[in-house]
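Here is model07.txt, consisting of compact mmCIF, C-alpha atoms:
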```txt
# COMPACT_ATOMS: atom_id res chain seq x y z
CA MET Z 1 0.00 0.00 0.00
CA GLU Z 2 3.03 2.29 -0.08
CA THR Z 3 2.55 5.17 -2.48
CA GLN Z 4 4.42 8.21 -3.62
CA THR Z 5 1.75 10.49 -2.16
CA ARG Z 6 3.24 13.68 -0.78
CA ILE Z 7 1.57 15.78 1.83
CA THR Z 8 2.67 19.04 3.40
CA PRO Z 9 4.19 19.22 6.88
CA GLU Z 10 1.01 21.03 8.02
CA GLU Z 11 -1.14 18.13 6.80
CA ALA Z 12 1.21 15.67 8.51
CA GLN Z 13 0.87 17.64 11.76
CA GLN Z 14 -2.93 17.66 11.44
CA ALA Z 15 -2.94 13.89 10.93
CA LEU Z 16 -0.70 13.33 13.97
CA ASP Z 17 -2.93 15.63 16.05
CA LEU Z 18 -5.96 13.63 14.92
CA VAL Z 19 -4.23 10.39 15.96
CA ALA Z 20 -3.32 11.82 19.39
CA GLU Z 21 -6.85 13.11 19.99
CA THR Z 22 -8.47 9.83 18.90
CA THR Z 23 -6.12 7.85 21.13
CA ARG Z 24 -7.12 10.06 24.08
CA GLN Z 25 -10.82 9.65 23.26
CA MET Z 26 -10.49 5.87 23.05
CA ARG Z 27 -8.60 5.62 26.32
CA ARG Z 28 -11.22 7.78 27.98
CA ALA Z 29 -14.05 5.68 26.51
CA LEU Z 30 -12.55 2.46 27.81
CA ALA Z 31 -10.93 3.92 30.94
CA HIS Z 32 -8.17 1.36 30.51
CA GLY Z 33 -10.05 -1.59 31.93
CA GLY Z 34 -11.74 0.59 34.54
CA MET Z 35 -8.54 1.06 36.55
CA PRO Z 36 -9.28 4.65 37.70
CA TYR Z 37 -12.82 3.70 38.74
CA PHE Z 38 -11.60 0.68 40.74
CA LEU Z 39 -8.98 2.90 42.41
CA LEU Z 40 -11.63 5.48 43.32
CA ILE Z 41 -14.09 2.86 44.62
CA TRP Z 42 -11.55 1.12 46.86
CA GLY Z 43 -9.87 4.38 47.82
CA PHE Z 44 -13.18 5.60 49.27
CA VAL Z 45 -13.78 2.19 50.91
CA TRP Z 46 -10.41 2.52 52.68
CA LEU Z 47 -10.94 6.20 53.52
CA LEU Z 48 -14.35 5.60 55.13
CA GLY Z 49 -13.60 2.12 56.53
CA PHE Z 50 -10.30 2.91 58.21
CA GLY Z 51 -11.73 6.29 59.21
CA SER Z 52 -14.61 4.52 61.00
CA SER Z 53 -12.12 2.14 62.68
CA HIS Z 54 -10.24 5.18 64.00
CA PHE Z 55 -13.23 7.19 65.20
CA PHE Z 56 -15.47 4.35 66.46
CA GLY Z 57 -12.73 1.95 67.58
CA ALA Z 58 -11.28 -0.87 65.45
CA GLY Z 59 -13.13 -3.61 67.35
CA SER Z 60 -16.46 -1.78 67.67
CA SER Z 61 -19.64 -3.17 66.17
CA THR Z 62 -20.29 0.20 64.47
CA ALA Z 63 -16.96 0.06 62.65
CA GLY Z 64 -17.56 -3.61 61.80
CA LEU Z 65 -20.96 -2.79 60.33
CA ILE Z 66 -19.57 0.13 58.33
CA TRP Z 67 -16.76 -2.08 56.97
CA ALA Z 68 -19.27 -4.79 55.98
CA VAL Z 69 -21.47 -2.28 54.13
CA LEU Z 70 -18.43 -0.68 52.44
CA ASP Z 71 -16.95 -4.04 51.37
CA VAL Z 72 -20.23 -5.28 49.90
CA GLY Z 73 -20.81 -1.88 48.24
CA GLY Z 74 -17.27 -1.85 46.85
CA ALA Z 75 -17.64 -5.37 45.47
CA VAL Z 76 -21.02 -4.58 43.85
CA ALA Z 77 -19.69 -1.31 42.36
CA SER Z 78 -16.56 -3.09 41.04
CA PHE Z 79 -18.69 -5.82 39.48
CA ALA Z 80 -20.96 -3.20 37.89
CA VAL Z 81 -17.99 -1.30 36.43
CA GLY Z 82 -16.44 -4.56 35.16
CA ALA Z 83 -19.73 -5.72 33.59
CA HIS Z 84 -20.31 -2.32 31.93
CA LEU Z 85 -16.81 -2.20 30.47
CA GLY Z 86 -17.04 -5.86 29.47
CA LYS Z 87 -19.79 -4.95 27.00
CA LYS Z 88 -17.60 -2.28 25.38
CA ILE Z 89 -14.45 -4.29 25.18
CA ARG Z 90 -13.67 -7.99 24.99
CA SER Z 91 -10.45 -8.96 26.61
CA PRO Z 92 -9.16 -12.27 27.97
CA GLN Z 93 -7.21 -10.12 30.44
CA GLY Z 94 -10.38 -8.69 31.97
CA ARG Z 95 -11.73 -12.11 32.95
CA ARG Z 96 -8.32 -13.24 34.21
CA ILE Z 97 -7.92 -10.12 36.36
CA GLY Z 98 -11.37 -10.67 37.87
CA LEU Z 99 -10.56 -14.31 38.70
CA TYR Z 100 -7.15 -13.28 40.05
CA TRP Z 101 -8.74 -10.86 42.55
CA LEU Z 102 -11.35 -13.45 43.55
CA ALA Z 103 -8.54 -15.95 44.26
CA LEU Z 104 -6.64 -13.33 46.26
CA LEU Z 105 -9.79 -12.55 48.26
CA PHE Z 106 -10.36 -16.26 48.97
CA TYR Z 107 -6.80 -16.86 50.19
CA GLY Z 108 -6.82 -13.59 52.14
CA ALA Z 109 -9.95 -14.71 53.99
CA LEU Z 110 -8.32 -18.09 54.74
CA LEU Z 111 -5.15 -16.40 56.00
CA ILE Z 112 -7.01 -14.06 58.32
CA TYR Z 113 -9.27 -16.84 59.61
CA PHE Z 114 -6.41 -19.24 60.42
CA ALA Z 115 -3.59 -16.81 61.23
CA HIS Z 116 -5.67 -14.98 63.87
CA PRO Z 117 -4.00 -11.53 63.88
CA GLN Z 118 -3.23 -10.59 67.50
CA THR Z 119 -4.22 -6.93 67.22
CA SER Z 120 -6.55 -4.87 65.04
CA ASN Z 121 -3.47 -3.15 63.59
CA GLN Z 122 -2.08 -6.55 62.52
CA GLY Z 123 -5.42 -7.42 60.89
CA ALA Z 124 -5.49 -4.10 59.02
CA LEU Z 125 -1.84 -4.57 58.03
CA LEU Z 126 -2.48 -8.07 56.67
CA ILE Z 127 -5.52 -7.04 54.61
CA SER Z 128 -3.93 -3.91 53.20
CA LEU Z 129 -0.65 -5.68 52.33
CA LEU Z 130 -2.60 -8.43 50.56
CA ALA Z 131 -4.44 -5.78 48.54
CA MET Z 132 -1.15 -4.11 47.61
CA MET Z 133 0.33 -7.50 46.69
CA GLY Z 134 -2.60 -7.73 44.26
CA TYR Z 135 -1.77 -4.31 42.77
CA VAL Z 136 1.95 -5.05 42.41
CA THR Z 137 1.57 -8.56 40.97
CA SER Z 138 -1.25 -7.67 38.58
CA GLY Z 139 0.80 -4.66 37.47
CA LEU Z 140 3.75 -6.99 36.79
CA LEU Z 141 1.58 -9.58 35.04
CA TYR Z 142 -0.15 -7.06 32.78
CA ASP Z 143 2.81 -4.76 32.25
CA SER Z 144 1.36 -1.75 34.05
CA ARG Z 145 4.23 0.18 35.62
CA PHE Z 146 1.73 2.64 37.05
CA LEU Z 147 -0.12 -0.07 39.00
CA THR Z 148 3.11 -1.72 40.17
CA GLY Z 149 4.59 1.62 41.24
CA LEU Z 150 1.37 2.60 43.03
CA GLY Z 151 1.28 -0.75 44.86
CA LEU Z 152 4.91 -0.39 46.00
CA ALA Z 153 4.42 3.23 47.10
CA VAL Z 154 1.29 2.46 49.13
CA THR Z 155 3.03 -0.62 50.63
CA ALA Z 156 5.82 1.68 51.86
CA LEU Z 157 3.22 4.06 53.35
CA ILE Z 158 1.45 1.15 55.08
CA LEU Z 159 4.70 -0.10 56.65
CA VAL Z 160 5.73 3.41 57.76
CA GLY Z 161 2.33 3.91 59.41
CA TYR Z 162 2.35 0.49 61.10
CA LEU Z 163 5.87 0.91 62.50
CA ALA Z 164 6.02 4.66 63.18
CA VAL Z 165 2.50 5.65 64.29
CA PRO Z 166 0.75 2.50 65.58
CA ALA Z 167 -1.56 4.55 67.84
CA VAL Z 168 -3.20 6.23 64.82
CA PHE Z 169 -2.57 3.51 62.25
CA ASN Z 170 -6.22 3.38 61.13
CA LEU Z 171 -6.33 7.14 60.59
CA TRP Z 172 -3.01 6.89 58.74
CA MET Z 173 -4.46 4.16 56.51
CA ALA Z 174 -7.61 6.19 55.84
CA LEU Z 175 -5.66 9.29 54.80
CA TRP Z 176 -2.53 7.86 53.17
CA GLY Z 177 -3.84 4.48 51.97
CA GLY Z 178 -7.32 5.54 50.86
CA GLY Z 179 -6.10 9.00 49.88
CA SER Z 180 -3.34 7.59 47.66
CA LEU Z 181 -5.77 5.33 45.79
CA ILE Z 182 -8.23 8.20 45.28
CA ALA Z 183 -5.44 10.53 44.16
CA ALA Z 184 -4.18 7.89 41.69
CA GLY Z 185 -7.70 7.43 40.26
CA VAL Z 186 -8.21 11.18 39.89
CA TYR Z 187 -4.75 11.55 38.33
CA ILE Z 188 -5.50 8.94 35.65
CA LEU Z 189 -8.90 10.46 34.85
CA ARG Z 190 -7.37 13.95 34.53
CA LYS Z 191 -4.42 12.70 32.50
CA TRP Z 192 -6.71 10.99 29.99
CA ARG Z 193 -9.11 13.93 29.74
CA MET D 1 11.80 5.74 7.29
CA GLY D 2 8.28 4.31 7.60
CA ALA D 3 6.00 3.85 4.62
CA PHE D 4 3.32 6.46 3.93
CA ASN D 5 0.08 4.49 3.71
CA GLU D 6 -2.66 6.06 1.62
CA LEU D 7 -5.28 3.55 2.73
CA ILE D 8 -4.69 4.39 6.39
CA HIS D 9 -4.26 8.14 5.82
CA GLN D 10 -7.94 8.73 4.96
CA PRO D 11 -9.18 10.65 8.08
CA VAL D 12 -11.86 8.21 9.27
CA ARG D 13 -9.58 5.21 8.71
CA LEU D 14 -6.73 7.04 10.46
CA GLN D 15 -9.03 7.56 13.44
CA ILE D 16 -10.15 3.91 13.37
CA MET D 17 -6.54 2.71 13.36
CA ALA D 18 -5.58 5.14 16.15
CA ALA D 19 -8.53 3.98 18.26
CA LEU D 20 -7.80 0.29 17.74
CA ASN D 21 -4.07 0.81 18.29
CA ALA D 22 -4.93 2.20 21.74
CA LEU D 23 -6.30 -1.23 22.71
CA GLY D 24 -4.14 -3.76 24.48
CA ALA D 25 -3.04 -7.05 22.92
CA GLU D 26 -5.97 -9.45 22.32
CA GLU D 27 -8.51 -6.71 23.11
CA GLN D 28 -11.55 -6.10 20.90
CA VAL D 29 -13.87 -3.09 21.00
CA ASP D 30 -17.53 -3.29 20.12
CA PHE D 31 -18.85 -1.52 17.04
CA LYS D 32 -21.16 0.82 18.96
CA THR D 33 -18.40 2.07 21.29
CA LEU D 34 -16.10 2.65 18.32
CA ARG D 35 -18.84 4.51 16.43
CA GLU D 36 -19.64 6.74 19.42
CA THR D 37 -15.97 7.43 20.11
CA LEU D 38 -15.29 8.47 16.53
CA GLY D 39 -18.62 10.27 16.03
CA VAL D 40 -19.40 8.64 12.67
CA THR D 41 -22.49 6.95 11.28
CA ASP D 42 -23.07 3.18 11.19
CA GLY D 43 -22.76 3.07 7.40
CA ASN D 44 -19.66 5.23 7.23
CA LEU D 45 -17.88 3.17 9.89
CA ALA D 46 -18.89 -0.14 8.30
CA THR D 47 -17.56 0.99 4.89
CA HIS D 48 -14.17 1.98 6.25
CA LEU D 49 -13.90 -1.11 8.46
CA ARG D 50 -14.48 -3.29 5.40
CA LYS D 51 -11.59 -1.62 3.55
CA LEU D 52 -9.24 -2.04 6.50
CA GLU D 53 -10.35 -5.65 6.97
CA GLU D 54 -9.69 -6.40 3.28
CA ALA D 55 -6.17 -5.02 3.73
CA GLY D 56 -5.64 -7.35 6.70
CA TYR D 57 -5.21 -4.48 9.17
CA ILE D 58 -8.20 -5.31 11.35
CA THR D 59 -10.47 -8.24 12.18
CA VAL D 60 -14.24 -8.06 12.63
CA HIS D 61 -16.02 -10.67 14.77
CA LYS D 62 -19.79 -10.98 14.90
CA THR D 63 -21.16 -12.68 18.00
CA PHE D 64 -24.07 -12.72 20.45
CA VAL D 65 -24.07 -11.32 23.98
CA GLY D 66 -27.14 -12.97 25.44
CA ARG D 67 -29.65 -12.69 22.59
CA ARG D 68 -28.25 -9.49 21.19
CA PRO D 69 -25.93 -9.53 18.19
CA ARG D 70 -22.68 -7.66 18.74
CA THR D 71 -19.79 -6.86 16.46
CA TYR D 72 -16.29 -6.60 17.87
CA VAL D 73 -13.32 -5.07 16.06
CA ALA D 74 -9.60 -5.56 16.72
CA ILE D 75 -6.36 -4.50 15.12
CA THR D 76 -4.07 -7.19 13.68
CA PRO D 77 -0.28 -7.34 14.18
CA ALA D 78 0.09 -6.35 10.50
CA GLY D 79 -2.25 -3.42 11.15
CA ARG D 80 -0.19 -2.22 14.12
CA LEU D 81 2.96 -2.43 12.02
CA ALA D 82 1.44 -0.54 9.07
CA PHE D 83 0.04 2.12 11.43
CA ALA D 84 3.40 2.55 13.17
CA ASP D 85 5.09 2.84 9.76
CA HIS D 86 2.55 5.44 8.68
CA LEU D 87 3.09 7.53 11.84
CA GLN D 88 6.83 7.33 11.27
CA ALA D 89 6.34 8.56 7.70
CA LEU D 90 4.23 11.49 8.95
CA ARG D 91 6.91 12.44 11.50
CA ALA D 92 9.57 12.21 8.79
CA ILE D 93 7.56 14.63 6.64
CA LEU D 94 7.35 17.01 9.61
CA ASP D 95 11.08 16.73 10.26
CA ALA D 96 11.92 17.29 6.60
CA GLY D 97 9.65 20.36 6.46
```
Same coordinates, now as structure tokens:
Amino acid sequence: METQTRITPEEAQQALDLVAETTRQMRRALAHGGMPYFLLIWGFVWLLGFGSSHFFGAGSSTAGLIWAVLDVGGAVASFAVGAHLGKKIRSPQGRRIGLYWLALLFYGALLIYFAHPQTSNQGALLISLLAMMGYVTSGLLYDSRFLTGLGLAVTALILVGYLAVPAVFNLWMALWGGGSLIAAGVYILRKWR
Amino acid sequence: MGAFNELIHQPVRLQIMAALNALGAEEQVDFKTLRETLGVTDGNLATHLRKLEEAGYITVHKTFVGRRPRTYVAITPAGRLAFADHLQALRAILDAG
């Protein structure tokens, strides 16, 4: 299909601009597998959940109820986002990522049930580290440096909070853990605008 | 220097190739999403998709989701290569100008 067609530099620039704009539109339409929406959903779950653990007490029934509602809400919202995007785009990766997170959830529940964390901070640490392991490994598996980098950065924040400020670890997790996920989601949405 | 590709350079086809090139490996986008993203009509999109499919740059799969028919479109490895070559040719024209 190679031809001798010549176009002016201005026409070449217009074509490249059209390509860049269309690429942006497509990325926005597909939201790259829903990543920013999942980050926002679980960022708010962490912000409100860990916030309730801090203000109502980690072992309180109020905090437990809030966590249960947030977890179910987060799972339903994630499923809805995944199902909506699944109609727009068919990808073997999408199904594999969903199954991967289900497997991680299953083994996380087993670990917590049998390992019996001694303190609420240990329980929060275990759950949040498992979630970040999911971010880092799925980022490595699907070649997303952003997701891997985000997972490593939040892991570092989790460890700093657990070791340096154990008395306000839940508040730390709400602000730095949940806040980081929300900020990452907002950053991606703004970048692709 | 990449090869200038007249088939791809047509504006709607250039947009189609750019949109499909933004997909990950093995990903397919449905016809309706592609049409809405590009802001073209059904007939216009179908015409240009056929030309790109004949050139081996894209694949078109018709299937059913539940009872509803759906058409999914994907770029082929040859299509990615031709598109990359075309972009390289455009940049070379810019550099030469």
| message | Residues of chain Z within 9 Å of chain D, counting all atoms listed in the file, what are they? List them as an MDAnalysis selection string. | response | chainID Z and resid 1:13 15:16 18:27 29:30 32 87:93
| note | Students should find that atom CA of Leu125 of chain Z and atom CA of Ala183 of chain Z are spaced 20.8 Å
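Among the candidates D:Phe83, D:Gly66, D:Ala78, D:Arg13, the residue lying nearest to His48 of chain D is D:Arg13 (atoms considered: all atoms listed in the file).
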| note | A straight line from atom CA of Pro36 of chain Z to atom CA of Ala184 of chain Z spans 7.2 Å
| request: Please indicate the distance in Å from atom CA of Ile41 of chain Z to atom CA of Gly94 of chain Z, rounded to one decimal place. | output: 17.5 Å
| Test item: residues at most 8 Å from Ala174 of chain Z, all atoms listed in the file, excluding those fewer than 4 positions along its chain, as a list in words | Trp46, Leu47, Leu48, Gly49, Phe50, Gly51, Asn170, Gly178 and Gly179 of chain Z
At a cut-off of 10 Å, using all atoms listed in the file, what residues contact Trp42 of chain Z? Leave out same-chain residues fewer than 2 positions from it and give the result as a tab-separated table (two decimals) with C-alpha atoms, in the frame of the given file.
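Output below, filename out_13.tsv:
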```
chain	number	residue	atom	x	y	z
Z	37	TYR	CA	-12.82	3.70	38.74
Z	38	PHE	CA	-11.60	0.68	40.74
Z	39	LEU	CA	-8.98	2.90	42.41
Z	40	LEU	CA	-11.63	5.48	43.32
Z	44	PHE	CA	-13.18	5.60	49.27
Z	45	VAL	CA	-13.78	2.19	50.91
Z	46	TRP	CA	-10.41	2.52	52.68
Z	47	LEU	CA	-10.94	6.20	53.52
Z	48	LEU	CA	-14.35	5.60	55.13
Z	49	GLY	CA	-13.60	2.12	56.53
Z	70	LEU	CA	-18.43	-0.68	52.44
Z	71	ASP	CA	-16.95	-4.04	51.37
Z	73	GLY	CA	-20.81	-1.88	48.24
Z	74	GLY	CA	-17.27	-1.85	46.85
Z	75	ALA	CA	-17.64	-5.37	45.47
Z	77	ALA	CA	-19.69	-1.31	42.36
Z	78	SER	CA	-16.56	-3.09	41.04
Z	177	GLY	CA	-3.84	4.48	51.97
Z	178	GLY	CA	-7.32	5.54	50.86
Z	181	LEU	CA	-5.77	5.33	45.79
Z	182	ILE	CA	-8.23	8.20	45.28
Z	185	GLY	CA	-7.70	7.43	40.26
```
| message | When you look at segment 161-164 of chain Z with a cut-off of 12 Å (counting all atoms listed in the file), what residues show up, excluding the ones that are within fewer than 5 positions of it in the same chain? I need them as a PyMOL selection string. | response | chain Z and resi 119-126+128-129+154-156+169-177
